[in-house]
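Student: Sending over my_file-v5.txt (compact mmCIF, C-alpha atoms).
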```
# COMPACT_ATOMS: atom_id res chain seq x y z
CA MET Y 13 38.52 23.26 -38.06
CA THR Y 14 34.92 23.05 -37.01
CA THR Y 15 32.02 21.66 -38.92
CA SER Y 16 28.48 22.86 -38.79
CA THR Y 17 25.32 20.91 -39.15
CA PRO Y 18 24.06 21.24 -42.73
CA ARG Y 19 20.90 23.25 -43.16
CA GLY Y 20 17.91 20.99 -42.97
CA ALA Y 21 19.84 18.15 -41.35
CA SER Y 22 18.59 16.98 -37.99
CA ARG Y 23 20.78 17.44 -34.96
CA PRO Y 24 21.89 14.39 -33.00
CA ALA Y 25 18.96 13.12 -31.02
CA VAL Y 26 19.01 12.49 -27.31
CA PRO Y 27 19.53 8.74 -26.82
CA THR Y 28 16.24 6.89 -26.61
CA ALA Y 29 17.17 5.24 -23.31
CA LEU Y 30 17.82 8.63 -21.72
CA ARG Y 31 14.56 10.05 -23.01
CA GLY Y 32 12.64 6.99 -21.80
CA GLY Y 33 14.34 7.08 -18.41
CA TRP Y 34 13.48 10.74 -17.91
CA ARG Y 35 9.86 10.12 -18.87
CA ASN Y 36 9.62 7.34 -16.29
CA TYR Y 37 11.29 9.28 -13.49
CA ARG Y 38 10.18 12.83 -14.20
CA PHE Y 39 6.77 12.74 -12.56
CA PRO Y 40 7.72 10.62 -9.52
CA LEU Y 41 10.64 12.96 -8.90
CA LEU Y 42 8.29 15.94 -9.06
CA ILE Y 43 6.08 14.26 -6.46
CA ILE Y 44 9.04 13.54 -4.19
CA ALA Y 45 10.26 17.12 -4.62
CA GLY Y 46 6.80 18.36 -3.64
CA VAL Y 47 6.72 16.19 -0.52
CA LEU Y 48 10.23 17.24 0.54
CA THR Y 49 9.43 20.90 -0.09
CA GLY Y 50 6.29 20.53 2.00
CA ALA Y 51 8.24 18.87 4.81
CA VAL Y 52 10.75 21.73 4.89
CA ALA Y 53 7.94 24.29 4.81
CA GLY Y 54 6.23 22.51 7.70
CA LEU Y 55 9.40 22.54 9.79
CA VAL Y 56 10.01 26.24 9.06
CA LEU Y 57 6.45 27.50 9.41
CA GLY Y 58 5.34 25.24 12.23
CA GLU Y 59 1.62 25.47 12.99
CA ARG Y 60 1.31 28.34 10.51
CA ALA Y 61 1.66 25.70 7.76
CA ALA Y 62 -1.95 24.74 8.50
CA VAL Y 63 -2.96 27.41 5.99
CA LEU Y 64 -1.69 25.05 3.26
CA ARG Y 65 -3.85 22.11 4.34
CA PRO Y 66 -6.83 22.93 2.06
CA PHE Y 67 -4.60 22.56 -1.02
CA GLY Y 68 -3.62 19.09 0.17
CA THR Y 69 -7.15 18.16 1.21
CA VAL Y 70 -8.36 18.86 -2.33
CA PHE Y 71 -5.97 16.22 -3.67
CA ILE Y 72 -6.81 13.69 -0.96
CA ASN Y 73 -10.54 14.16 -1.55
CA MET Y 74 -10.15 13.75 -5.31
CA MET Y 75 -8.19 10.52 -4.85
CA PHE Y 76 -10.73 9.02 -2.46
CA THR Y 77 -13.59 10.10 -4.74
CA LEU Y 78 -11.87 8.48 -7.70
CA VAL Y 79 -10.83 5.26 -6.03
CA VAL Y 80 -14.33 3.79 -5.51
CA PRO Y 81 -15.40 3.67 -9.19
CA LEU Y 82 -11.82 2.82 -10.23
CA VAL Y 83 -11.67 -0.22 -7.94
CA PHE Y 84 -15.15 -1.38 -8.92
CA PHE Y 85 -14.63 -1.14 -12.67
CA SER Y 86 -11.04 -2.45 -12.66
CA ILE Y 87 -11.90 -5.57 -10.62
CA SER Y 88 -15.27 -6.33 -12.24
CA SER Y 89 -13.87 -5.86 -15.77
CA ALA Y 90 -10.80 -8.00 -14.94
CA VAL Y 91 -13.02 -10.83 -13.63
CA ALA Y 92 -15.46 -10.51 -16.53
CA ALA Y 93 -12.61 -10.68 -19.05
CA MET Y 94 -11.16 -13.90 -17.65
CA ASP Y 95 -11.59 -17.01 -19.73
CA SER Y 96 -12.92 -18.95 -16.75
CA ALA Y 97 -13.30 -18.91 -13.02
CA LYS Y 98 -10.26 -21.20 -12.91
CA ARG Y 99 -7.93 -18.28 -13.74
CA LEU Y 100 -9.37 -16.15 -10.93
CA GLY Y 101 -9.13 -19.07 -8.52
CA ARG Y 102 -5.45 -19.55 -9.36
CA ILE Y 103 -4.79 -15.83 -8.89
CA MET Y 104 -6.51 -15.81 -5.50
CA VAL Y 105 -4.69 -18.91 -4.23
CA ALA Y 106 -1.30 -17.62 -5.39
CA MET Y 107 -2.11 -14.19 -3.93
CA MET Y 108 -2.91 -15.54 -0.47
CA CYS Y 109 0.23 -17.69 -0.44
CA VAL Y 110 2.36 -14.68 -1.38
CA PHE Y 111 0.64 -12.47 1.20
CA ILE Y 112 1.27 -15.00 3.99
CA VAL Y 113 4.91 -15.60 3.06
CA THR Y 114 5.77 -11.90 2.75
CA GLY Y 115 3.99 -11.18 6.04
CA ILE Y 116 6.05 -13.85 7.79
CA VAL Y 117 9.28 -12.50 6.24
CA ALA Y 118 8.47 -8.99 7.51
CA SER Y 119 7.64 -10.26 11.00
CA VAL Y 120 10.77 -12.40 11.28
CA LEU Y 121 12.96 -9.52 10.11
CA MET Y 122 11.64 -7.23 12.86
CA ILE Y 123 12.05 -9.98 15.49
CA ALA Y 124 15.63 -10.60 14.33
CA ALA Y 125 16.49 -6.89 14.46
CA LEU Y 126 15.05 -6.57 17.96
CA GLY Y 127 16.92 -9.67 19.10
CA VAL Y 128 20.28 -8.57 17.71
CA PHE Y 129 20.27 -4.88 18.62
CA SER Y 130 17.96 -4.82 21.70
CA PRO Y 131 16.97 -1.17 21.10
CA LEU Y 132 14.13 -1.21 23.64
CA GLN Y 133 16.05 -2.07 26.78
CA SER Y 134 15.18 -0.05 29.88
CA LEU Y 135 12.12 1.42 28.21
CA THR Y 136 10.11 3.65 30.53
CA ILE Y 137 6.79 5.17 29.55
CA GLU Y 138 4.18 6.57 31.89
CA LEU Y 139 0.99 4.59 31.48
CA THR Y 140 -2.38 6.30 31.55
CA ASP Y 141 -5.87 4.89 31.93
CA PRO Y 142 -7.35 4.49 28.46
CA GLY Y 143 -10.82 5.16 29.81
CA SER Y 144 -13.85 3.90 28.01
CA THR Y 145 -13.47 2.76 24.45
CA ASP Y 146 -16.04 2.64 21.71
CA SER Y 147 -17.66 -0.77 21.64
CA THR Y 148 -17.86 -2.09 18.13
CA GLY Y 149 -19.58 -5.38 18.83
CA SER Y 150 -18.38 -8.96 18.66
CA ILE Y 151 -15.81 -10.23 16.18
CA GLY Y 152 -18.68 -11.86 14.27
CA ASP Y 153 -20.45 -8.51 13.95
CA GLN Y 154 -17.19 -6.91 12.87
CA ILE Y 155 -16.66 -9.49 10.13
CA ILE Y 156 -20.24 -9.06 8.86
CA ARG Y 157 -19.75 -5.30 8.66
CA ALA Y 158 -16.38 -5.84 7.01
CA ILE Y 159 -17.69 -7.86 4.07
CA THR Y 160 -21.24 -6.53 3.60
CA VAL Y 161 -23.26 -3.34 3.75
CA ASP Y 162 -26.99 -3.03 4.37
CA ASP Y 163 -27.69 -0.78 1.39
CA PHE Y 164 -26.25 -0.28 -2.10
CA SER Y 165 -25.37 3.32 -1.28
CA GLY Y 166 -23.07 2.00 1.43
CA LEU Y 167 -20.79 0.59 -1.29
CA LEU Y 168 -20.14 4.07 -2.64
CA SER Y 169 -17.52 4.91 -0.03
CA ALA Y 170 -13.82 4.26 0.42
CA LYS Y 171 -14.72 3.14 3.96
CA SER Y 172 -16.40 0.05 2.48
CA MET Y 173 -13.55 -1.21 0.32
CA LEU Y 174 -13.87 -4.91 1.17
CA PRO Y 175 -17.64 -5.07 0.50
CA LEU Y 176 -17.02 -3.12 -2.72
CA ILE Y 177 -14.33 -5.59 -3.82
CA ILE Y 178 -16.56 -8.59 -3.09
CA PHE Y 179 -19.45 -6.95 -4.97
CA ALA Y 180 -17.18 -6.16 -7.94
CA VAL Y 181 -15.99 -9.78 -8.13
CA LEU Y 182 -19.60 -11.02 -8.09
CA VAL Y 183 -20.59 -8.53 -10.79
CA GLY Y 184 -17.67 -9.76 -12.91
CA PHE Y 185 -18.81 -13.38 -12.49
CA ALA Y 186 -22.39 -12.42 -13.35
CA ALA Y 187 -21.25 -10.58 -16.48
CA THR Y 188 -19.29 -13.65 -17.59
CA GLY Y 189 -22.17 -16.01 -16.78
CA ALA Y 190 -24.55 -13.95 -18.89
CA GLY Y 191 -22.74 -15.21 -21.99
CA GLU Y 192 -23.33 -13.43 -25.28
CA ARG Y 193 -26.17 -11.32 -23.85
CA GLY Y 194 -23.74 -9.96 -21.26
CA ARG Y 195 -21.16 -8.87 -23.83
CA PRO Y 196 -22.36 -5.22 -24.03
CA PHE Y 197 -22.14 -4.97 -20.25
CA ARG Y 198 -18.64 -6.51 -20.24
CA ASP Y 199 -17.61 -3.98 -22.88
CA LEU Y 200 -19.07 -1.23 -20.68
CA LEU Y 201 -17.02 -2.42 -17.69
CA ALA Y 202 -13.83 -2.50 -19.76
CA SER Y 203 -14.53 0.94 -21.21
CA ALA Y 204 -15.32 2.43 -17.80
CA SER Y 205 -12.12 0.94 -16.37
CA GLU Y 206 -10.12 2.61 -19.12
CA VAL Y 207 -11.89 5.96 -18.57
CA PHE Y 208 -11.15 5.99 -14.85
CA MET Y 209 -7.53 5.03 -15.43
CA ARG Y 210 -7.27 8.08 -17.70
CA LEU Y 211 -9.02 10.22 -15.13
CA THR Y 212 -6.43 9.04 -12.61
CA SER Y 213 -3.67 10.33 -14.89
CA ILE Y 214 -5.36 13.73 -15.00
CA VAL Y 215 -5.81 13.99 -11.23
CA MET Y 216 -2.20 12.93 -10.64
CA TYR Y 217 -0.93 16.09 -12.34
CA TYR Y 218 -1.93 17.93 -9.17
CA ALA Y 219 -0.11 15.44 -6.92
CA PRO Y 220 3.17 17.37 -6.42
CA ILE Y 221 1.28 20.45 -5.20
CA GLY Y 222 -1.39 18.59 -3.24
CA LEU Y 223 0.99 16.22 -1.45
CA GLY Y 224 3.46 19.00 -0.73
CA ALA Y 225 0.76 21.14 0.88
CA TYR Y 226 -0.68 18.23 2.85
CA PHE Y 227 2.73 17.18 4.12
CA ALA Y 228 3.63 20.74 5.11
CA ALA Y 229 0.51 21.00 7.29
CA LEU Y 230 1.14 17.55 8.78
CA ILE Y 231 4.75 18.27 9.73
CA GLY Y 232 3.80 21.70 11.03
CA GLN Y 233 1.20 20.15 13.33
CA LEU Y 234 3.11 17.09 14.55
CA GLY Y 235 6.70 18.26 14.43
CA ALA Y 236 6.95 18.90 18.18
CA GLN Y 237 5.37 15.56 19.06
CA LEU Y 238 7.66 13.63 16.77
CA VAL Y 239 10.74 14.63 18.77
CA GLY Y 240 9.22 13.48 22.07
CA GLY Y 241 9.55 10.23 23.93
CA TYR Y 242 8.07 8.21 21.07
CA ALA Y 243 10.98 9.09 18.81
CA ARG Y 244 12.23 5.71 20.03
CA ALA Y 245 9.72 4.17 17.64
CA PHE Y 246 11.45 5.90 14.76
CA VAL Y 247 14.84 4.69 15.96
CA VAL Y 248 13.59 1.10 15.84
CA TYR Y 249 11.15 1.13 12.95
CA PHE Y 250 12.78 3.28 10.29
CA PRO Y 251 16.05 1.30 9.89
CA VAL Y 252 14.19 -2.02 9.78
CA ALA Y 253 11.55 -0.63 7.42
CA THR Y 254 14.28 0.78 5.17
CA VAL Y 255 16.10 -2.56 5.08
CA TYR Y 256 12.87 -4.34 4.23
CA PHE Y 257 11.90 -1.74 1.63
CA LEU Y 258 15.23 -1.87 -0.18
CA GLY Y 259 16.25 -5.47 0.49
CA ALA Y 260 13.04 -7.50 0.49
CA PHE Y 261 11.44 -5.72 -2.44
CA THR Y 262 14.64 -6.04 -4.47
CA LEU Y 263 14.69 -9.76 -3.63
CA TYR Y 264 11.04 -10.15 -4.63
CA GLY Y 265 11.74 -8.32 -7.90
CA PHE Y 266 14.66 -10.65 -8.60
CA ILE Y 267 12.59 -13.74 -7.83
CA SER Y 268 9.86 -12.41 -10.12
CA GLY Y 269 12.01 -11.56 -13.12
CA GLY Y 270 15.73 -11.63 -12.41
CA ARG Y 271 17.71 -8.46 -12.98
CA GLU Y 272 15.10 -7.17 -15.42
CA GLY Y 273 12.43 -7.63 -12.76
CA VAL Y 274 14.47 -5.59 -10.27
CA ARG Y 275 15.12 -2.87 -12.83
CA ARG Y 276 11.49 -2.57 -13.87
CA PHE Y 277 10.23 -2.62 -10.28
CA TRP Y 278 12.42 0.25 -9.08
CA ARG Y 279 11.95 2.13 -12.33
CA ASN Y 280 8.20 2.34 -11.82
CA ILE Y 281 7.64 2.24 -8.06
CA LEU Y 282 8.60 5.82 -7.14
CA GLU Y 283 5.19 7.28 -7.92
CA PRO Y 284 3.10 4.92 -5.72
CA THR Y 285 5.77 5.18 -3.02
CA ALA Y 286 5.47 8.96 -2.89
CA VAL Y 287 1.67 8.88 -2.98
CA ALA Y 288 1.46 6.28 -0.18
CA PHE Y 289 3.95 8.13 2.01
CA GLY Y 290 2.34 11.50 1.40
CA THR Y 291 -1.28 10.43 1.93
CA GLY Y 292 -0.75 7.71 4.55
CA SER Y 293 -3.31 5.56 2.72
CA SER Y 294 -2.89 2.30 0.82
CA VAL Y 295 -6.30 2.87 -0.76
CA ALA Y 296 -5.34 6.30 -2.09
CA SER Y 297 -2.27 4.76 -3.73
CA ILE Y 298 -4.26 2.16 -5.72
CA PRO Y 299 -4.42 4.25 -8.93
CA ALA Y 300 -0.67 4.96 -8.90
CA ASN Y 301 0.03 1.32 -8.05
CA LEU Y 302 -2.04 0.10 -10.99
CA ARG Y 303 -0.22 2.47 -13.35
CA ALA Y 304 3.14 1.21 -12.09
CA ALA Y 305 2.12 -2.44 -12.44
CA ASN Y 306 0.94 -1.83 -16.01
CA ARG Y 307 4.28 -0.29 -16.93
CA THR Y 308 6.19 -3.12 -15.28
CA GLY Y 309 4.31 -5.67 -17.34
CA VAL Y 310 2.05 -7.32 -14.76
CA PRO Y 311 -0.97 -8.73 -16.65
CA ALA Y 312 -4.01 -6.55 -16.06
CA ASP Y 313 -6.17 -9.36 -14.68
CA ILE Y 314 -3.54 -9.98 -11.99
CA SER Y 315 -2.77 -6.38 -11.03
CA GLU Y 316 -6.42 -5.28 -11.10
CA THR Y 317 -7.30 -8.13 -8.75
CA ILE Y 318 -4.36 -8.14 -6.36
CA ILE Y 319 -3.62 -4.44 -5.86
CA PRO Y 320 -7.13 -3.35 -4.78
CA ILE Y 321 -7.54 -6.44 -2.58
CA GLY Y 322 -4.01 -6.03 -1.22
CA ALA Y 323 -4.78 -2.46 -0.19
CA THR Y 324 -7.34 -3.95 2.18
CA ILE Y 325 -5.81 -7.18 3.50
CA HIS Y 326 -2.07 -7.19 2.68
CA MET Y 327 -0.03 -5.23 5.21
CA GLU Y 328 3.68 -6.05 5.42
CA GLY Y 329 4.37 -2.71 7.07
CA SER Y 330 1.66 -3.48 9.61
CA CYS Y 331 3.34 -6.81 10.38
CA LEU Y 332 6.55 -4.92 11.17
CA SER Y 333 4.49 -2.53 13.29
CA ALA Y 334 2.70 -5.30 15.22
CA ILE Y 335 5.99 -6.96 16.20
CA LEU Y 336 7.34 -3.59 17.36
CA LYS Y 337 4.23 -2.98 19.50
CA ILE Y 338 4.58 -6.41 21.10
CA ALA Y 339 8.29 -5.80 21.78
CA PHE Y 340 7.48 -2.43 23.37
CA LEU Y 341 5.13 -4.06 25.84
CA PHE Y 342 7.54 -6.85 26.67
CA ALA Y 343 10.31 -4.32 27.30
CA LEU Y 344 7.98 -2.08 29.29
CA PHE Y 345 7.01 -4.91 31.64
CA ASP Y 346 10.50 -6.44 31.70
CA GLN Y 347 9.46 -9.74 30.10
CA ASN Y 348 11.28 -11.96 27.62
CA LEU Y 349 9.84 -11.91 24.12
CA PHE Y 350 12.40 -14.32 22.72
CA THR Y 351 10.96 -17.65 23.76
CA PRO Y 352 9.59 -20.04 21.08
CA ARG Y 353 6.02 -19.66 22.35
CA ASN Y 354 6.08 -15.87 22.52
CA VAL Y 355 7.75 -15.55 19.12
CA LEU Y 356 5.22 -17.86 17.43
CA ILE Y 357 2.32 -15.96 18.98
CA ALA Y 358 3.93 -12.68 17.89
CA VAL Y 359 4.18 -13.85 14.26
CA GLY Y 360 0.59 -15.10 14.34
CA VAL Y 361 -0.69 -11.84 15.79
CA ALA Y 362 1.30 -9.88 13.22
CA LEU Y 363 -0.27 -11.86 10.37
CA LEU Y 364 -3.75 -11.36 11.82
CA SER Y 365 -3.09 -7.64 12.28
CA GLY Y 366 -1.63 -7.29 8.80
CA MET Y 367 -4.06 -9.43 6.83
CA VAL Y 368 -7.29 -10.21 8.67
CA MET Y 369 -7.86 -7.32 11.07
CA SER Y 370 -6.95 -4.72 8.43
CA GLY Y 371 -10.17 -5.57 6.60
CA ILE Y 372 -12.32 -5.03 9.70
CA PRO Y 373 -13.54 -1.57 10.78
CA SER Y 374 -11.32 -0.35 13.62
CA GLY Y 375 -9.16 -3.37 12.81
CA GLY Y 376 -5.96 -1.69 13.99
CA PHE Y 377 -7.49 -1.07 17.40
CA ILE Y 378 -8.80 -4.63 17.56
CA GLY Y 379 -5.34 -5.94 16.67
CA GLU Y 380 -3.85 -3.88 19.50
CA MET Y 381 -6.48 -5.20 21.92
CA MET Y 382 -5.61 -8.71 20.78
CA ILE Y 383 -1.93 -8.09 21.58
CA VAL Y 384 -2.79 -6.85 25.06
CA THR Y 385 -5.23 -9.65 25.89
CA LEU Y 386 -3.28 -12.58 24.41
CA TYR Y 387 -0.20 -11.77 26.45
CA GLY Y 388 -2.13 -10.71 29.54
CA PHE Y 389 -0.91 -7.11 29.68
CA PRO Y 390 -2.98 -4.56 31.65
CA ALA Y 391 -5.52 -2.47 29.77
CA SER Y 392 -3.54 0.69 30.62
CA SER Y 393 -0.88 -0.43 28.12
CA LEU Y 394 -3.29 -0.05 25.21
CA PRO Y 395 -2.69 3.71 24.65
CA VAL Y 396 1.07 3.06 24.46
CA ILE Y 397 0.92 0.84 21.40
CA SER Y 398 -1.91 2.89 19.88
CA LEU Y 399 0.36 5.92 19.81
CA ILE Y 400 3.20 3.87 18.34
CA GLY Y 401 0.94 2.97 15.43
CA THR Y 402 0.23 6.65 14.84
CA VAL Y 403 3.89 7.63 14.91
CA ILE Y 404 5.04 5.03 12.37
CA ASP Y 405 1.96 5.13 10.17
CA ALA Y 406 3.56 6.79 7.12
CA PRO Y 407 6.43 4.33 6.54
CA ALA Y 408 4.21 1.36 7.42
CA THR Y 409 1.61 2.46 4.87
CA THR Y 410 4.31 2.95 2.24
CA ILE Y 411 5.55 -0.62 2.70
CA ASN Y 412 1.96 -1.89 2.64
CA ALA Y 413 1.25 -0.21 -0.68
CA VAL Y 414 4.54 -1.05 -2.39
CA GLY Y 415 4.19 -4.63 -1.15
CA ASP Y 416 0.97 -4.97 -3.14
CA ASN Y 417 2.88 -4.11 -6.29
CA SER Y 418 5.72 -6.55 -5.66
CA SER Y 419 3.20 -9.25 -4.73
CA SER Y 420 1.47 -8.82 -8.09
CA MET Y 421 4.84 -9.41 -9.76
CA LEU Y 422 5.40 -12.59 -7.75
CA VAL Y 423 1.95 -13.89 -8.62
CA ALA Y 424 2.55 -13.13 -12.31
CA ARG Y 425 5.79 -15.13 -12.15
CA ILE Y 426 4.03 -18.06 -10.45
CA LEU Y 427 1.13 -18.18 -12.91
CA ASP Y 428 2.61 -17.04 -16.23
CA GLY Y 429 6.19 -18.30 -16.16
CA ARG Y 430 9.52 -16.67 -16.90
CA ASP Y 431 8.47 -14.42 -19.79
CA TRP Y 432 5.48 -12.87 -17.99
CA MET Y 433 6.91 -9.34 -18.23
CA ALA Y 434 7.28 -9.27 -22.01
CA ARG Y 435 3.88 -10.82 -22.66
CA GLY Y 436 2.18 -8.76 -19.97
CA ARG Y 437 3.60 -5.45 -21.12
CA ALA Y 438 2.69 -6.22 -24.76
CA ALA Y 439 -0.86 -7.07 -23.70
CA ASN Y 440 -1.13 -3.92 -21.57
CA GLU Y 441 0.17 -1.79 -24.41
CA ALA Y 442 -2.31 -3.36 -26.84
CA ALA Y 443 -5.10 -2.66 -24.36
CA GLY Y 444 -4.05 1.01 -24.10
CA LEU Y 445 -3.03 0.76 -20.43
CA LEU Y 446 0.37 2.37 -20.90
CA ASP Y 447 0.46 6.17 -20.89
```
Show me the file's structure as structure tokens.
Tutor:
Amino acid sequence: MTTSTPRGASRPAVPTALRGGWRNYRFPLLIIAGVLTGAVAGLVLGERAAVLRPFGTVFINMMFTLVVPLVFFSISSAVAAMDSAKRLGRIMVAMMCVFIVTGIVASVLMIAALGVFSPLQSLTIELTDPGSTDSTGSIGDQIIRAITVDDFSGLLSAKSMLPLIIFAVLVGFAATGAGERGRPFRDLLASASEVFMRLTSIVMYYAPIGLGAYFAALIGQLGAQLVGGYARAFVVYFPVATVYFLGAFTLYGFISGGREGVRRFWRNILEPTAVAFGTGSSVASIPANLRAANRTGVPADISETIIPIGATIHMEGSCLSAILKIAFLFALFDQNLFTPRNVLIAVGVALLSGMVMSGIPSGGFIGEMMIVTLYGFPASSLPVISLIGTVIDAPATTINAVGDNSSSMLVARILDGRDWMARGRAANEAAGLLD
């Protein structure tokens, strides 16, 4: 005998957990599906996939147009809303400690993998003369250009992220220092931050199409090169990067909040992961990273400070990359990397490449020059490691971006104690930061 649902009675509802899980994973899965579809299309169509590039360029341009006002308003409003400069100081100190420790962990992992598996033995690459390179001035000039611009209009560009961040912090301090007379301006900053977060949500609806098209054109253009002699970089980098991505970030999530921290991290990180991998830009992933941090429960003043700054100076993936470049040169010239002196220099160079040089214009190239000169390699070896950086850029950028998110969780745990997730998520929800 069967029974029917009485007229007017509601049918059994889908369990709330299932509905919530689908809402969290639906959009990131659509982005991943778009990227994978684009990759397949690029492999099938080859160079003909270039016709799809404009659809991807539209998305990239929108993200880079959006990110400048988003970073400015999110940082300045977060600083202006702090009770005192003491809170910002604690965030910055904890942030730098976390950045240094995670950079060292990434560097040591790559060194250990190279030491155990020795994948670069008998490496042979034909060296070519790099020719003349663009002179960008002394390191002092580079640092000045990294942290300042000579005109206000120069701030209105994603190429000036570090000067923009510094300016936003100073504006936040000024708004706080203005006291009661600065309240309308502080309210304006908070309102503008909310508006641009909403605008980010709107633009992200186009992400599956835009990233898919961009990736199709990229694979169609570079597919033949990727199977050449530099495929060795993939053989070394991808397994280590995957281990770091899955292992280290899970560990950081557990340290931050136990099993709940791990669950929330992986539940919300798919979207910024896909955006970072598809665009190859930590800066372009800032909006998605902020959304993920809000959902995880990272307090807004922490996430809105650390994630934009981290996109400029925190580069775990670049630390992995720097160690690989050094190992390539040592293998190429049949030298021993695994001496205490060489290993210590390698870790130091990796930290400089991943944290300091990343904030300097042409910082990647300067970091590569530093590798060559510190170890005394010939100038002709410079193009070798430059190409390695190009080949492994996508996974390195992905780790860089996701590392900013996990670092914000670690800082929240350090500053706000064990129950930071519950209090942070409640505060974010009250502030309307959860969509």
Student: What gap, in Å, lies between CA of Ala180 (chain Y) and CA of Phe84 (chain Y)?
Tutor: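 One can read the CA of Ala180 (chain Y) to CA of Phe84 (chain Y) distance as 5.3 Å.
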Student: Would you mind telling me which residue in Y:Ile214, Y:Val287, Y:Ile357, Y:Met421 lies nearest to Tyr264 (chain Y) when using only C-alpha atoms?
Tutor: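 Closest to Tyr264 (chain Y), using only C-alpha atoms: Y:Met421.
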Student: Quick check, in Å to one decimal: how far apart do CA of Ile314 (chain Y) and CA of Leu332 (chain Y) lie?
Tutor: 25.8 Å
Student: State, in Å with one decimal place, the distance from CA of Ala170 (chain Y) to CA of Arg195 (chain Y).
Tutor: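 These two atoms are separated by 28.5 Å.
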Student: When you look at region 431-438 of chain Y with a cut-off of 10 Å (counting all atoms listed in the file), what residues show up, excluding the ones that are within fewer than 3 positions of it in the same chain? I need them as a list in words.
Tutor: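 Those residues are Ser268, Gly269, Glu272, Gly273, Arg276, Ala305, Asn306, Arg307, Thr308, Gly309, Val310, Pro311, Ala312, Asp313, Ile314, Met421, Ala424, Arg425, Ile426, Leu427, Asp428, Glu441, Ala442, Ala443, Gly444, Leu445 and Leu446 of chain Y.
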Student: Go through Y:Asn440, Y:Ser293, Y:Ser315, Y:Ser86 one by one, measure the shortest atom-to-atom distance of each to Asn417 (chain Y) using all atoms listed in the file, and give the residue with the smallest value.
Tutor: Y:Ser315
Student: Could you list, as a PyMOL selection string, every residue within 8 Å of Phe71 (chain Y), counting all atoms listed in the file and ignoring same-chain residues fewer than 4 positions away?
Tutor: chain Y and resi 67+75+215+218-219+222-223
Student: Counting all atoms listed in the file, which of Y:Ala186, Y:Ile318, Y:Leu422, Y:Ala228 gets nearest to Thr262 (chain Y)?
Tutor: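 Using all atoms listed in the file, Thr262 (chain Y) sits closest to Y:Leu422.
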Student: Pick the closest to Gly259 (chain Y) from Y:Ile72, Y:Ala118, Y:Ile325, Y:Ala225: which is it, counting only C-alpha atoms?
Tutor: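 Closest to Gly259 (chain Y), using only C-alpha atoms: Y:Ala118.
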Student: For Tyr217 (chain Y), which residue out of Y:Val414, Y:Val355, Y:Met74, Y:Val384 is the nearest one, using all atoms listed in the file?
Tutor: Y:Met74
Student: Quick one: of Y:Ile159, Y:Ala204, Y:Ala296, Y:Val91, who's nearest to Asn73 (chain Y), counting all atoms listed in the file?
Tutor: Y:Ala296
